[in-house]
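Asks: Input coords_14.pdb, format and content: PDB, C-alpha atoms.
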```pdb
ATOM      1  CA  MET E1204       0.000   0.000   0.000
ATOM      2  CA  ASP E1205       1.322   3.459  -0.827
ATOM      3  CA  ARG E1206       2.077   5.749   2.054
ATOM      4  CA  ASP E1207      -0.368   8.331   0.676
ATOM      5  CA  GLN E1208      -3.314   5.924   0.669
ATOM      6  CA  GLN E1209      -5.696   5.972   3.603
ATOM      7  CA  VAL E1210      -7.928   3.150   4.721
ATOM      8  CA  ASP E1211     -11.459   3.715   5.959
ATOM      9  CA  ASP E1212     -12.393   0.754   8.137
ATOM     10  CA  THR E1213     -15.600   2.193   9.583
ATOM     11  CA  GLU E1214     -17.691  -0.173   7.455
ATOM     12  CA  ASP E1215     -16.146  -3.333   8.963
ATOM     13  CA  ASP E1216     -18.517  -5.496  10.949
ATOM     14  CA  GLU E1217     -15.908  -6.491  13.523
ATOM     15  CA  PRO E1218     -12.706  -4.850  14.662
ATOM     16  CA  ALA E1219      -9.523  -6.499  13.494
ATOM     17  CA  PRO E1220      -8.202  -8.977  16.097
ATOM     18  CA  ARG E1221      -5.157  -7.845  18.000
ATOM     19  CA  HIS E1222      -2.380 -10.383  17.995
ATOM     20  CA  ARG E1223       0.481 -10.437  20.423
ATOM     21  CA  GLN E1224       3.616 -12.458  19.987
ATOM     22  CA  ALA E1225       4.247 -14.886  22.807
ATOM     23  CA  ASN E1226       8.009 -14.485  22.504
ATOM     24  CA  PRO E1227       9.046 -11.218  20.856
ATOM     25  CA  PRO E1228      12.288 -11.363  18.880
ATOM     26  CA  ARG E1229      15.383 -10.447  20.842
ATOM     27  CA  LEU E1230      17.971  -8.057  19.531
ATOM     28  CA  SER E1231      21.480  -9.354  19.217
ATOM     29  CA  THR E1232      24.085  -7.557  21.288
ATOM     30  CA  GLU E1233      26.689  -8.192  18.626
ATOM     31  CA  LEU E1234      26.406  -6.230  15.384
ATOM     32  CA  ALA E1235      28.033  -7.223  12.154
ATOM     33  CA  ASP E1236      30.903  -5.003  11.019
ATOM     34  CA  ASP E1237      29.190  -4.249   7.737
ATOM     35  CA  PHE E1238      25.819  -3.379   9.323
ATOM     36  CA  GLU E1239      24.353  -0.096   8.149
ATOM     37  CA  PRO E1240      20.852   0.969   9.111
ATOM     38  CA  GLU E1241      18.417   1.518   6.257
ATOM     39  CA  PRO E1242      17.376   5.114   5.731
ATOM     40  CA  SER E1243      13.961   5.752   7.250
ATOM     41  CA  GLU E1244      11.039   6.333   4.934
ATOM     42  CA  GLU E1245       9.431   9.724   4.901
ATOM     43  CA  PHE E1246       5.820   9.744   6.030
ATOM     44  CA  ALA E1247       3.017  12.172   5.395
ATOM     45  CA  PRO E1248       2.617  14.802   8.123
ATOM     46  CA  ALA E1249       0.543  13.807  11.120
ATOM     47  CA  THR E1250      -3.102  14.797  11.012
ATOM     48  CA  ARG E1251      -5.811  14.937  13.646
ATOM     49  CA  ILE E1252      -8.314  12.055  13.620
ATOM     50  CA  SER E1253     -11.731  11.798  15.203
ATOM     51  CA  LEU E1254     -13.217   8.721  16.794
ATOM     52  CA  ARG E1255     -16.949   8.566  16.370
ATOM     53  CA  PRO E1256     -19.125   6.096  18.290
ATOM     54  CA  HIS E1257     -20.867   3.648  16.003
ATOM     55  CA  ASP E1258     -22.967   0.494  16.146
ATOM     56  CA  PRO E1259     -20.603  -2.424  15.444
ATOM     57  CA  GLN E1260     -23.335  -4.472  13.705
ATOM     58  CA  THR E1261     -24.657  -1.794  11.345
ATOM     59  CA  GLY E1262     -21.738   0.636  11.253
ATOM     60  CA  GLN E1263     -24.233   3.454  11.788
ATOM     61  CA  GLU E1264     -22.890   6.432  13.712
ATOM     62  CA  ILE E1265     -24.403   7.083  17.161
ATOM     63  CA  GLU E1266     -24.878  10.517  18.698
ATOM     64  CA  ARG E1267     -22.658  11.150  21.742
ATOM     65  CA  ASP E1268     -25.633  11.946  23.974
ATOM     66  CA  GLU E1269     -27.036   8.455  23.245
ATOM     67  CA  VAL E1270     -23.895   6.741  24.596
ATOM     68  CA  VAL E1271     -24.166   5.469  28.176
ATOM     69  CA  LYS E1272     -21.617   3.935  30.531
ATOM     70  CA  GLY E1273     -22.048   0.397  31.697
ATOM     71  CA  TYR E1274     -20.461  -2.860  32.812
ATOM     72  CA  GLU E1275     -20.667  -6.201  31.026
ATOM     73  CA  PHE E1276     -21.303  -8.786  33.779
ATOM     74  CA  GLU E1277     -21.955 -11.669  31.345
ATOM     75  CA  ARG E1278     -21.323 -11.969  27.638
ATOM     76  CA  GLY E1279     -23.859  -9.627  26.035
ATOM     77  CA  GLN E1280     -25.435  -8.696  29.393
ATOM     78  CA  PHE E1281     -24.856  -5.134  30.572
ATOM     79  CA  VAL E1282     -25.842  -3.042  33.531
ATOM     80  CA  THR E1283     -25.878   0.683  32.826
ATOM     81  CA  ILE E1284     -24.460   3.256  35.222
ATOM     82  CA  THR E1285     -25.789   6.804  35.435
ATOM     83  CA  PRO E1286     -23.554   9.849  35.955
ATOM     84  CA  ALA E1287     -25.169  10.338  39.397
ATOM     85  CA  GLU E1288     -24.221   6.780  40.395
ATOM     86  CA  LEU E1289     -20.641   7.367  39.276
ATOM     87  CA  LYS E1290     -20.528  10.625  41.235
ATOM     88  CA  ALA E1291     -21.720   8.780  44.361
ATOM     89  CA  LEU E1292     -18.693   6.451  44.053
ATOM     90  CA  ASP E1293     -16.212   9.334  44.339
ATOM     91  CA  VAL E1294     -14.120   9.204  47.487
ATOM     92  CA  PRO E1295     -14.698  12.420  49.421
ATOM     93  CA  SER E1296     -11.568  14.458  50.045
ATOM     94  CA  SER E1297     -11.002  15.549  53.619
ATOM     95  CA  LYS E1298      -7.821  17.480  52.719
ATOM     96  CA  THR E1299      -6.020  15.669  55.533
ATOM     97  CA  ILE E1300      -3.506  12.850  55.702
ATOM     98  CA  ALA E1301      -4.655  10.124  58.072
ATOM     99  CA  LEU E1302      -1.487   8.561  59.518
ATOM    100  CA  THR E1303      -2.224   5.009  60.647
ATOM    101  CA  SER E1304       1.201   3.759  61.751
ATOM    102  CA  PHE E1305       4.853   4.660  62.099
ATOM    103  CA  VAL E1306       7.717   2.510  60.790
ATOM    104  CA  PRO E1307      11.504   2.853  60.771
ATOM    105  CA  ARG E1308      12.379   4.879  57.653
ATOM    106  CA  ALA E1309      15.234   2.485  56.784
ATOM    107  CA  GLU E1310      12.726  -0.371  56.306
ATOM    108  CA  ILE E1311      10.916   1.339  53.416
ATOM    109  CA  ASP E1312      12.379   0.440  50.019
ATOM    110  CA  PRO E1313      12.450   3.488  47.667
ATOM    111  CA  ILE E1314      11.138   1.284  44.855
ATOM    112  CA  TYR E1315       7.660   1.887  46.291
ATOM    113  CA  PHE E1316       7.943   5.655  45.899
ATOM    114  CA  ASP E1317       5.909   7.080  43.054
ATOM    115  CA  ALA E1318       5.929  10.861  43.340
ATOM    116  CA  GLY E1319       7.114  13.291  45.945
ATOM    117  CA  TYR E1320       4.970  16.074  47.375
ATOM    118  CA  TYR E1321       5.657  18.709  49.978
ATOM    119  CA  VAL E1322       2.992  19.259  52.596
ATOM    120  CA  TYR E1323       2.600  22.221  54.901
ATOM    121  CA  PRO E1324       0.327  23.043  57.820
ATOM    122  CA  ASP E1325      -2.783  25.143  57.367
ATOM    123  CA  GLY E1326      -3.106  27.514  60.314
ATOM    124  CA  GLN E1327      -1.369  28.183  63.628
ATOM    125  CA  ILE E1328      -2.690  25.124  65.506
ATOM    126  CA  ALA E1329      -1.743  22.838  62.614
ATOM    127  CA  THR E1330       1.758  24.389  62.543
ATOM    128  CA  GLU E1331       2.388  23.437  66.162
ATOM    129  CA  ALA E1332       1.162  19.856  65.668
ATOM    130  CA  TYR E1333       3.151  19.591  62.451
ATOM    131  CA  ARG E1334       6.373  20.632  64.199
ATOM    132  CA  VAL E1335       5.848  18.261  67.126
ATOM    133  CA  VAL E1336       5.142  15.236  64.906
ATOM    134  CA  GLY E1337       7.926  16.176  62.450
ATOM    135  CA  THR E1338      10.511  16.605  65.220
ATOM    136  CA  ALA E1339       9.558  13.298  66.829
ATOM    137  CA  MET E1340       9.781  11.461  63.501
ATOM    138  CA  ALA E1341      13.167  13.039  62.676
ATOM    139  CA  GLU E1342      14.688  12.226  66.093
ATOM    140  CA  SER E1343      13.458   8.621  66.062
ATOM    141  CA  GLY E1344      14.177   7.918  62.385
ATOM    142  CA  MET E1345      10.554   6.974  61.784
ATOM    143  CA  ALA E1346       8.192   7.669  58.898
ATOM    144  CA  GLY E1347       4.414   7.768  58.966
ATOM    145  CA  LEU E1348       2.216   5.544  56.810
ATOM    146  CA  GLY E1349      -1.257   6.739  56.037
ATOM    147  CA  ARG E1350      -3.949   7.464  53.471
ATOM    148  CA  LEU E1351      -4.725  10.531  51.413
ATOM    149  CA  THR E1352      -7.405  11.240  48.835
ATOM    150  CA  LEU E1353      -5.754  12.753  45.777
ATOM    151  CA  SER E1354      -7.396  13.161  42.371
ATOM    152  CA  ARG E1355     -10.574  11.364  43.507
ATOM    153  CA  ARG E1356      -8.588   8.260  44.546
ATOM    154  CA  GLU E1357      -7.497   7.144  47.973
ATOM    155  CA  ARG E1358      -3.764   6.452  48.011
ATOM    156  CA  MET E1359      -1.322   5.064  50.516
ATOM    157  CA  VAL E1360       1.326   7.615  51.477
ATOM    158  CA  LEU E1361       4.575   7.781  53.394
ATOM    159  CA  VAL E1362       5.232  10.961  55.359
ATOM    160  CA  GLU E1363       8.730  11.871  56.487
ATOM    161  CA  PRO E1364      10.194  15.116  57.779
ATOM    162  CA  ALA E1365      12.297  17.183  55.395
ATOM    163  CA  ALA E1366      14.876  19.941  55.992
ATOM    164  CA  PRO E1367      13.130  23.009  57.433
ATOM    165  CA  GLY E1368       9.668  21.563  57.708
TER     166      GLY E1368
END
```
How does the structure come out when it is put into structure tokens?
Replies:
Amino acid sequence: MDRDQQVDDTEDDEPAPRHRQANPPRLSTELADDFEPEPSEEFAPATRISLRPHDPQTGQEIERDEVVKGYEFERGQFVTITPAELKALDVPSSKTIALTSFVPRAEIDPIYFDAGYYVYPDGQIATEAYRVVGTAMAESGMAGLGRLTLSRRERMVLVEPAAPG
């Protein structure tokens, strides 16, 4: 197929099956002395595409406001979920970190760290509590394990004191 040709597969009854190799080919660590990479082909400039919902049996396009969310609990059997039901599943954010236990900092492998955040107290009373807990953790070499709601998801967090705060 020429690189300028485009394929319109919206009329297909079924999507093409996705195949995955069980054992992908491995690259050799030794290269031949006469190996020269082939020059890359030039491709047409990238263009924006649009994905339109359609009925897989008829291929007929469906309006976006007719699309509903749902869960397939058996083959061909769906339960629909309303936006209000999805909203009710959101974890409420209390804007606090609930520390549940303290562990020696040396026992936590950094491989479990995902992203670092800096936290600070909100108000005078919180500042005093923050300093007391932070000083105690620093002197004992402990870190706090707890939970925090961030981006509508509850996550496990590790809290440890840092330089000035």
Asks: Report the residues retrieved by the PyMOL selection byres ((chain E and resi 1351) around 10) from the displayed file, expressed as a PyMOL selection string.
Replies: chain E and resi 1296-1302+1349-1350+1352-1361
Asks: May I have the selected residues written with C-alpha atoms, as a compact mmCIF listing (two decimals), in the coordinates of the input?
Replies:
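What ended up in again-v1.txt:
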```
# COMPACT_ATOMS: atom_id res chain seq x y z
CA SER E 1296 -11.57 14.46 50.04
CA SER E 1297 -11.00 15.55 53.62
CA LYS E 1298 -7.82 17.48 52.72
CA THR E 1299 -6.02 15.67 55.53
CA ILE E 1300 -3.51 12.85 55.70
CA ALA E 1301 -4.66 10.12 58.07
CA LEU E 1302 -1.49 8.56 59.52
CA GLY E 1349 -1.26 6.74 56.04
CA ARG E 1350 -3.95 7.46 53.47
CA THR E 1352 -7.40 11.24 48.84
CA LEU E 1353 -5.75 12.75 45.78
CA SER E 1354 -7.40 13.16 42.37
CA ARG E 1355 -10.57 11.36 43.51
CA ARG E 1356 -8.59 8.26 44.55
CA GLU E 1357 -7.50 7.14 47.97
CA ARG E 1358 -3.76 6.45 48.01
CA MET E 1359 -1.32 5.06 50.52
CA VAL E 1360 1.33 7.62 51.48
CA LEU E 1361 4.58 7.78 53.39
```
Asks: So which one's closest to Phe1305 (chain E), E:Asp1293, E:Glu1363, E:Glu1245, E:Glu1269? Using all atoms listed in the file, please.
Replies: E:Glu1363
Asks: Need the shell around Phe1281 (chain E): protein/DNA/RNA residues with any atom at most 12 Å away, counting only C-alpha atoms. Skip same-chain ones fewer than 5 positions apart. Format as a PyMOL selection string?
Replies: chain E and resi 1271-1276
Asks: Tell me which residues the PyMOL selection byres ((chain E and resi 1332-1345) around 7) grabs here, as an MDAnalysis selection string.
Replies: chainID E and resid 1305:1308 1324 1328:1331 1346:1347 1364
Asks: If I take CA of Ser1304 (chain E) and CA of Phe1316 (chain E), how far is one from the other in Å, to one decimal?
Replies: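 One can read the CA of Ser1304 (chain E) to CA of Phe1316 (chain E) distance as 17.3 Å.
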Asks: Using Å and a single decimal, report how far CA of Gln1263 (chain E) sits from CA of Pro1286 (chain E).
Replies: 25.0 Å
Asks: Could you tell me how far CA of Ala1291 (chain E) sits from CA of Arg1255 (chain E), in Å to one decimal place?
Replies: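 Separation between CA of Arg1255 (chain E) and CA of Ala1291 (chain E): 28.4 Å.
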Asks: Would you fill out region 1315-1335 of chain E with N, CA, C and O atoms and return it as a short mmCIF file (atom, residue, chain, number, x, y, z; two decimals), in the coordinates of the input?
Replies:
```cif
data_model
loop_
_atom_site.label_atom_id
_atom_site.label_comp_id
_atom_site.auth_asym_id
_atom_site.auth_seq_id
_atom_site.Cartn_x
_atom_site.Cartn_y
_atom_site.Cartn_z
N TYR E 1315 9.09 1.66 46.14
CA TYR E 1315 7.66 1.89 46.29
C TYR E 1315 7.28 3.35 46.12
O TYR E 1315 6.10 3.68 46.10
N PHE E 1316 8.24 4.23 46.03
CA PHE E 1316 7.94 5.66 45.90
C PHE E 1316 7.50 5.95 44.48
O PHE E 1316 8.09 5.50 43.51
N ASP E 1317 6.44 6.73 44.36
CA ASP E 1317 5.91 7.08 43.05
C ASP E 1317 6.20 8.54 42.74
O ASP E 1317 6.84 8.86 41.75
N ALA E 1318 5.74 9.43 43.57
CA ALA E 1318 5.93 10.86 43.34
C ALA E 1318 6.08 11.55 44.69
O ALA E 1318 5.47 11.14 45.67
N GLY E 1319 6.90 12.56 44.70
CA GLY E 1319 7.11 13.29 45.94
C GLY E 1319 6.28 14.56 45.99
O GLY E 1319 6.11 15.24 44.99
N TYR E 1320 5.74 14.86 47.16
CA TYR E 1320 4.97 16.07 47.38
C TYR E 1320 5.46 16.71 48.67
O TYR E 1320 5.92 16.02 49.57
N TYR E 1321 5.35 18.01 48.75
CA TYR E 1321 5.66 18.71 49.98
C TYR E 1321 4.34 19.12 50.60
O TYR E 1321 3.46 19.65 49.93
N VAL E 1322 4.20 18.86 51.90
CA VAL E 1322 2.99 19.26 52.60
C VAL E 1322 3.35 20.34 53.60
O VAL E 1322 4.48 20.44 54.05
N TYR E 1323 2.39 21.16 53.92
CA TYR E 1323 2.60 22.22 54.90
C TYR E 1323 1.34 22.38 55.73
O TYR E 1323 0.24 22.03 55.29
N PRO E 1324 1.49 22.89 56.95
CA PRO E 1324 0.33 23.04 57.82
C PRO E 1324 -0.55 24.21 57.38
O PRO E 1324 -0.09 25.15 56.76
N ASP E 1325 -1.82 24.11 57.71
CA ASP E 1325 -2.78 25.14 57.37
C ASP E 1325 -3.31 25.78 58.66
O ASP E 1325 -4.25 25.28 59.27
N GLY E 1326 -2.66 26.83 59.10
CA GLY E 1326 -3.11 27.51 60.31
C GLY E 1326 -2.12 27.34 61.46
O GLY E 1326 -1.24 26.47 61.43
N GLN E 1327 -2.29 28.16 62.50
CA GLN E 1327 -1.37 28.18 63.63
C GLN E 1327 -1.41 26.89 64.44
O GLN E 1327 -0.37 26.34 64.80
N ILE E 1328 -2.58 26.35 64.72
CA ILE E 1328 -2.69 25.12 65.51
C ILE E 1328 -2.06 23.96 64.74
O ILE E 1328 -1.34 23.14 65.31
N ALA E 1329 -2.32 23.90 63.44
CA ALA E 1329 -1.74 22.84 62.61
C ALA E 1329 -0.23 22.96 62.56
O ALA E 1329 0.49 21.95 62.54
N THR E 1330 0.31 24.18 62.58
CA THR E 1330 1.76 24.39 62.54
C THR E 1330 2.42 23.79 63.78
O THR E 1330 3.45 23.12 63.68
N GLU E 1331 1.82 23.99 64.93
CA GLU E 1331 2.39 23.44 66.16
C GLU E 1331 2.37 21.92 66.13
O GLU E 1331 3.37 21.27 66.46
N ALA E 1332 1.26 21.31 65.74
CA ALA E 1332 1.16 19.86 65.67
C ALA E 1332 2.14 19.30 64.63
O ALA E 1332 2.80 18.28 64.85
N TYR E 1333 2.26 20.00 63.53
CA TYR E 1333 3.15 19.59 62.45
C TYR E 1333 4.60 19.55 62.94
O TYR E 1333 5.33 18.61 62.68
N ARG E 1334 5.00 20.58 63.68
CA ARG E 1334 6.37 20.63 64.20
C ARG E 1334 6.63 19.54 65.23
O ARG E 1334 7.69 18.92 65.23
N VAL E 1335 5.67 19.29 66.10
CA VAL E 1335 5.85 18.26 67.13
C VAL E 1335 6.00 16.89 66.48
O VAL E 1335 6.93 16.13 66.79
#
```
